[in-house]
Amino acid sequence: MFTFSTIKDYHIALLNGNTTCVSTVNHYLQAIKDSYHLNAFLEVFECEAIDIAKKLDLNRQQGMPLGKLHGVVVALKDVIIYKGHRASAASKILENYISIYNATVVEKLLAQEAIIIGINNCDEFAMGSSNENSAFGNVKNALDTTRVSGGSSGGSAVAVQAGMCMISLGSDTGGSVRQPADFCGIVGLKPTYGRVSRYGLIAYASSFDQIGIFANSVEDAALTLEVIAGEDEFDSTVSSLPVPSYSTLLEQAKDQKFSIAYFKETLDNPALDPEIRDTFYSFIKTLTENGHSVQVVDFEYLEYIVPTYYILTTAEASCNLSRYDGVRFGHQTQHINATLTDVYKATRSIGFGKEVKRRIMLGAFVLSEGYYDAYFTKAQQVRNLLLQKTNTIFEKFDAIISPTVPTVAWKFGEKSNSATEMYLADIYTVYANLVGIPAISLPLFKHSNKMPFGLQIMVSSNKEVILHSLSKNLIKLK
Ligand code: GLN
């Protein structure tokens with residue numbers, strides 16, 4: 001019977017002849033069928049995955065060296081495009097659209113011999129916190145199917161949570177990797193903005209978007225980042241810094257004592273579940289008992305970060321989504337004797353879901369003449385202030401910690417009638433995207449209602465090595 005622990009152990013099992021890529025793929029295909037009711041996959045590449053697995057088995061048996069992700073079964077959020085496969089952003093406007101090229105991350109995964117098993121459901125155009133905005137149905141949390149998976153990368157989180165793949169890639173614009181990871185009890189890593197190429201990532205808000213990783217362990221997340229990070233001639237915002245060997249540097253700071261900050265306002269937030277607050281405080285105690293220095297810091301901007309995030313991201317989204325006009329690609333609503341404008345209007349009215357339309361309108365509003373300075377410019381100024389504040393904090397501290405989300409996964413429908421309530425649930429995650437820093441959610445805790453919740457760690461830009469080491473350190477203390 002196959003049991004997956006880490007990629008490293010899987011590779012040992014392959015080399016010892018204890019398993020094969022084909023039997024592994026079959027195992028995951030069966031798991032996907034068994035968990036069909038969770039609605040985590042929009043498409044599964046059954047024959048293709050088996051064919052690739054056969055080829056990899058043959059190569060290995062012939063003594064060829066293993067790629068870093070040899071035979072690793074990966075799933076992709078439906079915003080990361082894979083040539084010849086669907087790319088719909090979980091939207092009707094792109095339903096049946098087939099991608100004509102590979103995202104850079106896909107090229108990198110394939111070059112290291114990963115097996116892409118399918119495409120995951122998500123919130124439409126990655127807009128949402130609960131995966132209730134997909135045009136193809138909700139994704140259910142495998143631990144309690146009356147509860148949401150989190151969003152927007154809910155399908156990718158559940159795919160790892162329920163053992164339907166080894167790792168998955170999502171996108172994180174304001175928490176869409178860390179928040180569902182928290183709700184599902186797995187690891188969710190958002191790298192520094194620009195660490196991973198966005199080429200082939202369907203854009204939501206380009207100055208925030210970053211591809212992230214879901215995994216069962218920090219080790220697997222670090223190894224995957226090592227594969228997908230790095231320069232790319234197709235994305236000018238990618239950092240040219242060399243990619244460290246994240247997977248071997250994991251234990252680098254094994255015995256280091258870290259200097260850690262947390263924000264007073266984060267813990268004073270009335271929306272924070274008291275049990276999560278208490279657990280967080282008692283974990284701080286554990287940290288100090290283990291020699292780390294933990295200090296509370298004033299963060300006077302907390303109440304501004306959600307509005308700032310939603311002003312700037314909707315502004316960017318309204319521009320990015322203007323390309324879906326029914327002419328260049330995707331769905332087109334036909335009209336007899338229609339003008340071009342009629343086609344645009346009908347296509348966009350029918351093709352986009354409610355939340356996406358809301359955000360396009362919000363974005364168009366904050367960018368409109370007369371309101372631009374009051375909203376967009378002001379929000380940019382707040383973003384700058386946040387950046388300055390963050391730099392000051394990292395002059396003194398190695399990391400900032402917080403709960404990842406103020407609550408555990410909520411029940412379906414609980415927040416869907418109030419956009420504001422839903423948006424406020426992003427209060428702890430959007431900060432890292434506003435300032436571009438890397439962050440991780442670690443599955444450390446369990447609520448008395450049996451749902452998991454995580455600890456978020458944020459470090460300074462391009463300090464992923466520290467982020468991974470610190471994560472490994474903290475997991476041990478649990
Ligand atoms: N929940 C946030 C939003 O709806 C984050 C989404 C994301 O990171 N893609 O914008």
# chains A, B, ... in the order shown; residues from 1 in each chain; ligands from 1
call {"tool": "residues_around", "arguments": {"residues": "Pro65 of chain A", "least_positions_apart": "4", "cutoff": "12 Å", "atoms": "only C-alpha atoms", "output": "list in words"}}
result
His11, Leu15, Leu56, Asp57, Leu58, Asn59, Arg60, Gln61, Leu69, His70, Gln112 and Glu113 of chain A
call {"tool": "select_by_dssp", "arguments": {"residues": "segment 362-432 of chain A", "states": "alpha helix (DSSP H)", "output": "PyMOL selection string"}}
result
chain A and resi 362-366+372+378-396+419-424+430-432
call {"tool": "write_last_selection", "arguments": {"atoms": "C-alpha atoms", "output": "compact mmCIF listing (two decimals), in the first residue's frame"}}
result
# COMPACT_ATOMS: atom_id res chain seq x y z
CA LEU A 362 -15.16 48.77 -7.95
CA GLY A 363 -11.88 48.97 -9.85
CA ALA A 364 -13.33 51.13 -12.59
CA PHE A 365 -14.80 53.40 -9.93
CA VAL A 366 -11.58 53.93 -7.98
CA TYR A 372 -8.77 58.55 -8.68
CA LYS A 378 -4.35 57.43 -1.47
CA ALA A 379 -4.14 53.64 -1.45
CA GLN A 380 -0.78 53.79 -3.25
CA GLN A 381 0.41 56.17 -0.54
CA VAL A 382 -0.69 53.75 2.17
CA ARG A 383 1.15 50.97 0.33
CA ASN A 384 4.30 53.10 0.49
CA LEU A 385 3.84 53.76 4.19
CA LEU A 386 3.44 50.04 4.78
CA LEU A 387 6.64 49.37 2.90
CA GLN A 388 8.56 51.87 5.01
CA LYS A 389 7.11 50.47 8.22
CA THR A 390 7.99 46.94 7.12
CA ASN A 391 11.59 47.88 6.37
CA THR A 392 11.90 49.40 9.82
CA ILE A 393 10.51 46.24 11.45
CA PHE A 394 12.94 43.99 9.57
CA GLU A 395 15.88 46.14 10.67
CA LYS A 396 15.21 44.79 14.15
CA ALA A 419 -18.74 40.98 0.73
CA THR A 420 -17.25 43.17 3.46
CA GLU A 421 -17.27 40.38 6.00
CA MET A 422 -15.63 38.07 3.48
CA TYR A 423 -13.00 40.70 2.62
CA LEU A 424 -12.21 41.32 6.29
CA VAL A 430 -3.02 40.72 2.43
CA TYR A 431 -0.20 42.59 4.19
CA ALA A 432 2.50 40.29 2.77
call {"tool": "residues_near_ligand", "arguments": {"ligand": "ligand 1", "cutoff": "8 Å", "atoms": "only C-alpha atoms and all ligand atoms", "output": "PyMOL selection string"}}
result
chain A and resi 125-130+151-153+171-177+204+209+309-310+313+422-423+425-426+430
call {"tool": "write_last_selection", "arguments": {"atoms": "N, CA and C atoms", "output": "PDB file, in the first residue's frame"}}
result
ATOM      1  N   PHE A 125     -11.323  33.711 -11.454  1.00  0.00           N
ATOM      2  CA  PHE A 125     -10.217  34.657 -11.598  1.00  0.00           C
ATOM      3  C   PHE A 125      -9.481  34.893 -10.279  1.00  0.00           C
ATOM      4  N   ALA A 126      -9.498  33.873  -9.414  1.00  0.00           N
ATOM      5  CA  ALA A 126      -8.776  33.916  -8.132  1.00  0.00           C
ATOM      6  C   ALA A 126      -9.328  34.982  -7.184  1.00  0.00           C
ATOM      7  N   MET A 127     -10.606  35.324  -7.363  1.00  0.00           N
ATOM      8  CA  MET A 127     -11.210  36.346  -6.505  1.00  0.00           C
ATOM      9  C   MET A 127     -12.129  35.677  -5.501  1.00  0.00           C
ATOM     10  N   GLY A 128     -11.673  35.602  -4.270  1.00  0.00           N
ATOM     11  CA  GLY A 128     -12.524  35.004  -3.249  1.00  0.00           C
ATOM     12  C   GLY A 128     -11.712  34.423  -2.111  1.00  0.00           C
ATOM     13  N   SER A 129     -12.410  34.086  -1.048  1.00  0.00           N
ATOM     14  CA  SER A 129     -11.748  33.557   0.148  1.00  0.00           C
ATOM     15  C   SER A 129     -12.381  32.239   0.579  1.00  0.00           C
ATOM     16  N   SER A 130     -13.242  31.670  -0.246  1.00  0.00           N
ATOM     17  CA  SER A 130     -13.955  30.474   0.213  1.00  0.00           C
ATOM     18  C   SER A 130     -14.237  29.463  -0.885  1.00  0.00           C
ATOM     19  N   GLY A 151     -10.143  30.042  -0.015  1.00  0.00           N
ATOM     20  CA  GLY A 151      -9.973  30.434  -1.411  1.00  0.00           C
ATOM     21  C   GLY A 151      -8.855  31.457  -1.544  1.00  0.00           C
ATOM     22  N   SER A 152      -8.509  31.778  -2.726  1.00  0.00           N
ATOM     23  CA  SER A 152      -9.201  31.287  -3.905  1.00  0.00           C
ATOM     24  C   SER A 152      -8.674  29.941  -4.420  1.00  0.00           C
ATOM     25  N   SER A 153      -7.511  29.498  -3.908  1.00  0.00           N
ATOM     26  CA  SER A 153      -6.946  28.241  -4.445  1.00  0.00           C
ATOM     27  C   SER A 153      -7.502  27.033  -3.695  1.00  0.00           C
ATOM     28  N   SER A 171      -2.168  30.351  -6.698  1.00  0.00           N
ATOM     29  CA  SER A 171      -1.677  31.730  -6.805  1.00  0.00           C
ATOM     30  C   SER A 171      -2.125  32.464  -5.554  1.00  0.00           C
ATOM     31  N   ASP A 172      -1.295  33.406  -5.131  1.00  0.00           N
ATOM     32  CA  ASP A 172      -1.550  34.129  -3.889  1.00  0.00           C
ATOM     33  C   ASP A 172      -1.437  35.619  -4.177  1.00  0.00           C
ATOM     34  N   THR A 173      -2.584  36.283  -4.227  1.00  0.00           N
ATOM     35  CA  THR A 173      -2.630  37.722  -4.501  1.00  0.00           C
ATOM     36  C   THR A 173      -2.888  38.469  -3.203  1.00  0.00           C
ATOM     37  N   GLY A 174      -3.609  37.795  -2.297  1.00  0.00           N
ATOM     38  CA  GLY A 174      -3.909  38.406  -0.997  1.00  0.00           C
ATOM     39  C   GLY A 174      -4.060  37.330   0.073  1.00  0.00           C
ATOM     40  N   GLY A 175      -3.586  36.139  -0.233  1.00  0.00           N
ATOM     41  CA  GLY A 175      -3.670  35.068   0.776  1.00  0.00           C
ATOM     42  C   GLY A 175      -4.187  33.753   0.228  1.00  0.00           C
ATOM     43  N   SER A 176      -4.400  33.714  -1.072  1.00  0.00           N
ATOM     44  CA  SER A 176      -5.076  32.550  -1.664  1.00  0.00           C
ATOM     45  C   SER A 176      -4.333  31.236  -1.586  1.00  0.00           C
ATOM     46  N   VAL A 177      -3.078  31.259  -1.163  1.00  0.00           N
ATOM     47  CA  VAL A 177      -2.405  29.992  -0.870  1.00  0.00           C
ATOM     48  C   VAL A 177      -2.410  29.766   0.643  1.00  0.00           C
ATOM     49  N   TYR A 204      -4.727  38.502 -12.080  1.00  0.00           N
ATOM     50  CA  TYR A 204      -5.795  39.133 -11.298  1.00  0.00           C
ATOM     51  C   TYR A 204      -5.302  40.552 -11.010  1.00  0.00           C
ATOM     52  N   ASP A 209       0.112  39.521  -7.559  1.00  0.00           N
ATOM     53  CA  ASP A 209       0.039  38.084  -7.867  1.00  0.00           C
ATOM     54  C   ASP A 209       1.390  37.390  -7.677  1.00  0.00           C
ATOM     55  N   TYR A 309      -5.820  47.093   0.081  1.00  0.00           N
ATOM     56  CA  TYR A 309      -5.706  45.924  -0.796  1.00  0.00           C
ATOM     57  C   TYR A 309      -6.856  45.896  -1.809  1.00  0.00           C
ATOM     58  N   TYR A 310      -8.082  46.089  -1.337  1.00  0.00           N
ATOM     59  CA  TYR A 310      -9.223  45.956  -2.245  1.00  0.00           C
ATOM     60  C   TYR A 310      -9.331  47.120  -3.237  1.00  0.00           C
ATOM     61  N   THR A 313      -6.188  46.186  -5.766  1.00  0.00           N
ATOM     62  CA  THR A 313      -6.348  44.958  -6.572  1.00  0.00           C
ATOM     63  C   THR A 313      -7.543  45.059  -7.517  1.00  0.00           C
ATOM     64  N   MET A 422     -16.535  38.994   4.185  1.00  0.00           N
ATOM     65  CA  MET A 422     -15.628  38.072   3.485  1.00  0.00           C
ATOM     66  C   MET A 422     -14.260  38.741   3.303  1.00  0.00           C
ATOM     67  N   TYR A 423     -14.268  39.999   2.867  1.00  0.00           N
ATOM     68  CA  TYR A 423     -12.999  40.701   2.617  1.00  0.00           C
ATOM     69  C   TYR A 423     -12.196  40.849   3.923  1.00  0.00           C
ATOM     70  N   ALA A 425     -11.970  38.899   6.310  1.00  0.00           N
ATOM     71  CA  ALA A 425     -11.315  37.648   6.716  1.00  0.00           C
ATOM     72  C   ALA A 425      -9.883  37.568   6.177  1.00  0.00           C
ATOM     73  N   ASP A 426      -9.547  38.455   5.226  1.00  0.00           N
ATOM     74  CA  ASP A 426      -8.195  38.454   4.642  1.00  0.00           C
ATOM     75  C   ASP A 426      -7.226  39.349   5.420  1.00  0.00           C
ATOM     76  N   VAL A 430      -3.249  39.776   3.538  1.00  0.00           N
ATOM     77  CA  VAL A 430      -3.017  40.723   2.429  1.00  0.00           C
ATOM     78  C   VAL A 430      -1.764  41.588   2.631  1.00  0.00           C
TER      79      VAL A 430
END
call {"tool": "closest_atom_pairs", "arguments": {"of": "segment 368-476 of chain A", "to": "segment 226-240 of chain A", "cutoff": "12 Å", "atoms": "only C-alpha atoms", "output": "JSON lines"}}
result
{"residue": "A:Gly436", "atom": "CA", "partner": "A:Thr237", "partner_atom": "CA", "distance": 11.8}
{"residue": "A:Ser461", "atom": "CA", "partner": "A:Ser239", "partner_atom": "CA", "distance": 10.7}
{"residue": "A:Asn462", "atom": "CA", "partner": "A:Ser239", "partner_atom": "CA", "distance": 9.2}
{"residue": "A:Glu464", "atom": "CA", "partner": "A:Glu226", "partner_atom": "CA", "distance": 10.3}
{"residue": "A:Val465", "atom": "CA", "partner": "A:Glu226", "partner_atom": "CA", "distance": 10.5}
{"residue": "A:His468", "atom": "CA", "partner": "A:Glu226", "partner_atom": "CA", "distance": 11.9}
call {"tool": "select_by_dssp", "arguments": {"residues": "segment 225-473 of chain A", "states": "strand (DSSP E)", "output": "PyMOL selection string"}}
result
chain A and resi 259-263+293-297+399-403+439-446+452-459
call {"tool": "closest_residue", "arguments": {"among": "A:Glu95, A:Asp398, A:Glu46, A:Asp34", "to": "Phe258 of chain A", "atoms": "only C-alpha atoms"}}
result
A:Asp398
call {"tool": "residues_around", "arguments": {"residues": "Lys257 of chain A", "least_positions_apart": "6", "cutoff": "12 Å", "atoms": "only C-alpha atoms", "output": "ChimeraX atom specification"}}
result
/A:287-294,397-399,466,469-470,473-474
call {"tool": "atom_distance", "arguments": {"atom1": "atom CA of Tyr375 of chain A", "atom2": "atom CA of Tyr304 of chain A"}}
result
12.1 Å
call {"tool": "closest_residue", "arguments": {"among": "A:Pro452, A:Leu109, A:Ala53, A:Leu94", "to": "Leu14 of chain A", "atoms": "only C-alpha atoms"}}
result
A:Ala53
